[in-house]
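Asker: The structure is given below, and queries will be raised subsequently.
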Amino acid sequence: MIDWVLGRFRPLEGRRVWAILVAGAALFAVRMFVALPFWASGQTKWVFFPTHLASSAKYLFASEYRIHLPGLEFGLPFPGVMAYLSGLGEIILPVMLIAGLLSRPAALGILAMTLVIELVYPDAWPIHIQWAIAAAVIAVFGPGVFSFDWVARKIGSGRKPANNPVA
């Protein structure tokens with residue numbers, strides 16, 4: 001489980017250094033691609049992070065945003081809570097992705113947000129599918145070598161298990 005959370009991807013292990021670095025650079029680019037639009041959107045939702053949500057964000061979630069399903073359209077449930085959680089996610093998850101810190105869970109959070117955004121703006125599917133694919137790539141392949149996850153995994157794997165028969 002910890003290998004999954006910290007970004008281990010066995011097919012890259014044992015490869016030449018240049019291949020690992022190229023894959024790491026590509027994965028960093030994918031992380032940036034998916035993180036930046038969410039970060040930019042998150043910047044518009046806050047007056048003072050994390051305590052004062054912008055009134056425009058509250059208004060949009062309460063009045064403008066609607067879920068579109070085939071033959072149905074309805075407002076978001078708990079718009080105030082949804083606005084606050086969305087604002088938190090749009091600030092915290094991109095930072096985690098760019099830093100490569102708990103990247104796979106962050107990518108899954110971005111993927112979930114993308115699916116909700118798609119239900120609100122179904123006509124914008126061409127960009128949403130790109131975000132979803134990018135988030136899925138990070139969730140499957142991990143963040144690559146240019147990440148805190150990789151450093152944490154390398155540091156953690158360097159420890160010798162304690163000789164403790166009780167544990």
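In the structure tokens, chains take the letters A, B, ... in the order shown, each chain's residues start at 1, and ligands count up from 1 in the order shown.
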Do you know which residues are at most 7 Å from stretch 99-111 of chain A counting only C-alpha atoms, after dropping those on the same chain fewer than 2 positions away, and could you put them as a short mmCIF file (atom, residue, chain, number, x, y, z; two decimals) with all heavy atoms, in the first residue's frame?
Answerer:
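Below is the file selection29.cif, written as the result:
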data_model
loop_
_atom_site.label_atom_id
_atom_site.label_comp_id
_atom_site.auth_asym_id
_atom_site.auth_seq_id
_atom_site.Cartn_x
_atom_site.Cartn_y
_atom_site.Cartn_z
N VAL A 5 1.05 4.56 -2.58
CA VAL A 5 0.87 5.95 -2.15
C VAL A 5 2.10 6.77 -2.49
O VAL A 5 2.00 7.91 -2.95
CB VAL A 5 0.56 6.03 -0.64
CG1 VAL A 5 0.59 7.47 -0.15
CG2 VAL A 5 -0.81 5.41 -0.37
N LEU A 6 3.30 6.21 -2.31
CA LEU A 6 4.52 6.96 -2.55
C LEU A 6 5.06 6.83 -3.97
O LEU A 6 6.19 7.19 -4.25
CB LEU A 6 5.61 6.57 -1.54
CG LEU A 6 5.31 7.01 -0.11
CD1 LEU A 6 6.43 6.58 0.81
CD2 LEU A 6 5.07 8.50 -0.01
N GLY A 7 4.27 6.30 -4.88
CA GLY A 7 4.59 6.42 -6.28
C GLY A 7 5.48 5.36 -6.90
O GLY A 7 6.08 5.61 -7.93
N LEU A 93 -4.68 20.29 -3.67
CA LEU A 93 -4.33 19.19 -4.58
C LEU A 93 -3.30 19.60 -5.63
O LEU A 93 -2.36 18.84 -5.89
CB LEU A 93 -5.59 18.60 -5.21
CG LEU A 93 -6.55 17.93 -4.23
CD1 LEU A 93 -7.82 17.48 -4.95
CD2 LEU A 93 -5.90 16.78 -3.50
N VAL A 95 -0.95 21.86 -5.35
CA VAL A 95 0.34 21.99 -4.66
C VAL A 95 0.93 20.60 -4.42
O VAL A 95 2.13 20.38 -4.63
CB VAL A 95 0.17 22.77 -3.33
CG1 VAL A 95 1.42 22.67 -2.47
CG2 VAL A 95 -0.17 24.22 -3.63
N MET A 96 0.10 19.67 -3.99
CA MET A 96 0.57 18.30 -3.77
C MET A 96 1.09 17.68 -5.07
O MET A 96 2.12 17.02 -5.08
CB MET A 96 -0.55 17.44 -3.18
CG MET A 96 -0.91 17.82 -1.75
SD MET A 96 -2.39 17.00 -1.14
CE MET A 96 -1.88 15.29 -1.14
N LEU A 97 0.37 17.92 -6.17
CA LEU A 97 0.80 17.35 -7.46
C LEU A 97 2.12 17.96 -7.92
O LEU A 97 3.02 17.23 -8.36
CB LEU A 97 -0.27 17.58 -8.53
CG LEU A 97 -1.41 16.59 -8.55
CD1 LEU A 97 -2.41 16.98 -9.63
CD2 LEU A 97 -0.93 15.18 -8.76
N MET A 113 -12.79 15.60 -8.97
CA MET A 113 -13.26 16.97 -9.23
C MET A 113 -13.56 17.16 -10.72
O MET A 113 -14.55 17.81 -11.07
CB MET A 113 -12.22 17.98 -8.76
CG MET A 113 -12.11 18.08 -7.26
SD MET A 113 -10.87 19.25 -6.72
CE MET A 113 -11.62 20.79 -7.21
N THR A 114 -12.73 16.58 -11.57
CA THR A 114 -12.94 16.70 -13.01
C THR A 114 -14.26 16.05 -13.42
O THR A 114 -14.99 16.60 -14.26
CB THR A 114 -11.78 16.05 -13.78
OG1 THR A 114 -10.57 16.71 -13.41
CG2 THR A 114 -11.97 16.14 -15.28
N LEU A 115 -14.58 14.92 -12.83
CA LEU A 115 -15.85 14.26 -13.15
C LEU A 115 -17.04 15.11 -12.74
O LEU A 115 -18.02 15.22 -13.48
CB LEU A 115 -15.90 12.88 -12.49
CG LEU A 115 -14.87 11.88 -12.99
CD1 LEU A 115 -14.94 10.58 -12.18
CD2 LEU A 115 -15.03 11.61 -14.47
N ALA A 132 -8.70 14.47 -17.14
CA ALA A 132 -8.96 13.13 -16.59
C ALA A 132 -7.85 12.16 -16.98
O ALA A 132 -7.38 11.37 -16.15
CB ALA A 132 -10.32 12.61 -17.08
N ALA A 135 -4.68 13.05 -14.96
CA ALA A 135 -4.81 12.60 -13.57
C ALA A 135 -4.70 11.08 -13.49
O ALA A 135 -4.05 10.55 -12.57
CB ALA A 135 -6.14 13.08 -12.98
N ALA A 136 -5.29 10.37 -14.44
CA ALA A 136 -5.19 8.91 -14.45
C ALA A 136 -3.76 8.45 -14.68
O ALA A 136 -3.31 7.47 -14.08
CB ALA A 136 -6.12 8.33 -15.52
N ILE A 138 -1.03 9.97 -13.72
CA ILE A 138 -0.31 10.14 -12.44
C ILE A 138 -0.76 9.06 -11.45
O ILE A 138 0.06 8.50 -10.73
CB ILE A 138 -0.54 11.55 -11.85
CG1 ILE A 138 -0.01 12.61 -12.80
CG2 ILE A 138 0.10 11.68 -10.48
CD1 ILE A 138 1.45 12.47 -13.17
N ALA A 139 -2.05 8.77 -11.41
CA ALA A 139 -2.55 7.74 -10.49
C ALA A 139 -1.96 6.36 -10.81
O ALA A 139 -1.66 5.59 -9.91
CB ALA A 139 -4.07 7.69 -10.52
N GLY A 142 2.44 7.02 -11.10
CA GLY A 142 3.09 7.71 -10.00
C GLY A 142 3.71 9.01 -10.49
O GLY A 142 3.61 9.37 -11.66
N PRO A 143 4.38 9.74 -9.59
CA PRO A 143 4.86 11.06 -9.93
C PRO A 143 6.22 11.09 -10.63
O PRO A 143 6.63 12.12 -11.13
CB PRO A 143 4.97 11.74 -8.57
CG PRO A 143 5.29 10.62 -7.65
CD PRO A 143 4.53 9.44 -8.18
N SER A 147 10.07 14.17 -7.49
CA SER A 147 8.96 14.32 -6.55
C SER A 147 9.41 14.00 -5.14
O SER A 147 10.37 13.26 -4.92
CB SER A 147 7.83 13.37 -6.94
OG SER A 147 8.24 12.02 -6.77
N PHE A 148 8.68 14.54 -4.19
CA PHE A 148 8.92 14.21 -2.79
C PHE A 148 8.56 12.75 -2.51
O PHE A 148 9.15 12.13 -1.63
CB PHE A 148 8.15 15.14 -1.86
CG PHE A 148 8.79 16.48 -1.71
CD1 PHE A 148 8.19 17.62 -2.23
CD2 PHE A 148 10.00 16.62 -1.05
CE1 PHE A 148 8.77 18.87 -2.09
CE2 PHE A 148 10.61 17.87 -0.91
CZ PHE A 148 9.99 18.98 -1.44
N ASP A 149 7.58 12.22 -3.22
CA ASP A 149 7.22 10.81 -3.05
C ASP A 149 8.42 9.91 -3.33
O ASP A 149 8.69 8.96 -2.59
CB ASP A 149 6.07 10.42 -3.99
CG ASP A 149 4.74 11.00 -3.58
OD1 ASP A 149 4.64 11.55 -2.46
OD2 ASP A 149 3.79 10.90 -4.38
#
Asker: Skip A:Ala62 itself and residues of its chain fewer than 5 positions away, then list as a list in words all residues within 10 Å of it, counting only C-alpha atoms.
Answerer: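 The contact residues come out as Ser56, Ala57, Gly75, Leu76, Pro77, Phe78, Pro79, Gly80, Met82 and Ala83 of chain A.
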Asker: Show which residues sit within 9 Å of A:Ile129, as a ChimeraX atom specification. Count only C-alpha atoms, and ignore same-chain residues fewer than 5 positions away.
Answerer: /A:114,118,124,134
Asker: Residues of chain A in strand (DSSP E) according to DSSP, as a PyMOL selection string?
Answerer: chain A and resi 46-48+52-53+66-69+72-75
Asker: If you run DSSP on the backbone here, which positions in chain A get alpha helix (DSSP H)? Please write them as number ranges by chain.
Answerer: A: 2-5, 17-43, 55-59, 79-99, 103-120, 125-141, 148-157
Asker: Rounded to one decimal, what separation in Å do you get between atom CA of A:Ile127 and atom CA of A:Val34?
Answerer: 10.3 Å
Asker: Using only C-alpha atoms, which residue out of A:Leu53, A:Val17, A:Ala112, A:Ile133 lies closest to A:Arg31?
Answerer: A:Ile133
Asker: Counting only C-alpha atoms, which of A:Val140, A:Ala29, A:Leu72, A:Ile92 gets nearest to A:Pro50?
Answerer: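 Residue with the minimum atom-to-atom distance to A:Pro50: A:Ile92.
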Asker: Nearest to A:Phe38 among A:Leu60, A:Leu88, A:Val22, A:Ala54, with distances taken over only C-alpha atoms: which residue is it?
Answerer: A:Leu88
Asker: Can you list, as a PyMOL selection string, every protein, DNA or RNA residue that comes within 10 Å of A:Ala26 when you count only C-alpha atoms, leaving out same-chain residues fewer than 5 positions away?
Answerer: chain A and resi 20-21+31-32+143-144+146
Asker: Nearest residue to A:Val47 out of A:Glu73, A:Ala23, A:Ser63, A:Gly87, using only C-alpha atoms?
Answerer: A:Gly87
Asker: Would you please work out which residue, of A:Val145, A:Leu119, A:Ala40, A:Ala152, is nearest to A:Phe28 when using only C-alpha atoms?
Answerer: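 When distances to A:Phe28 are compared using only C-alpha atoms, the smallest one comes from A:Val145.
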Asker: For a quick check of understanding, using only C-alpha atoms, which of A:Val30, A:Lys45, A:Arg15, A:Val151 has the smallest distance to A:Glu90?
Answerer: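 Distance minimum relative to A:Glu90 lands on A:Lys45.
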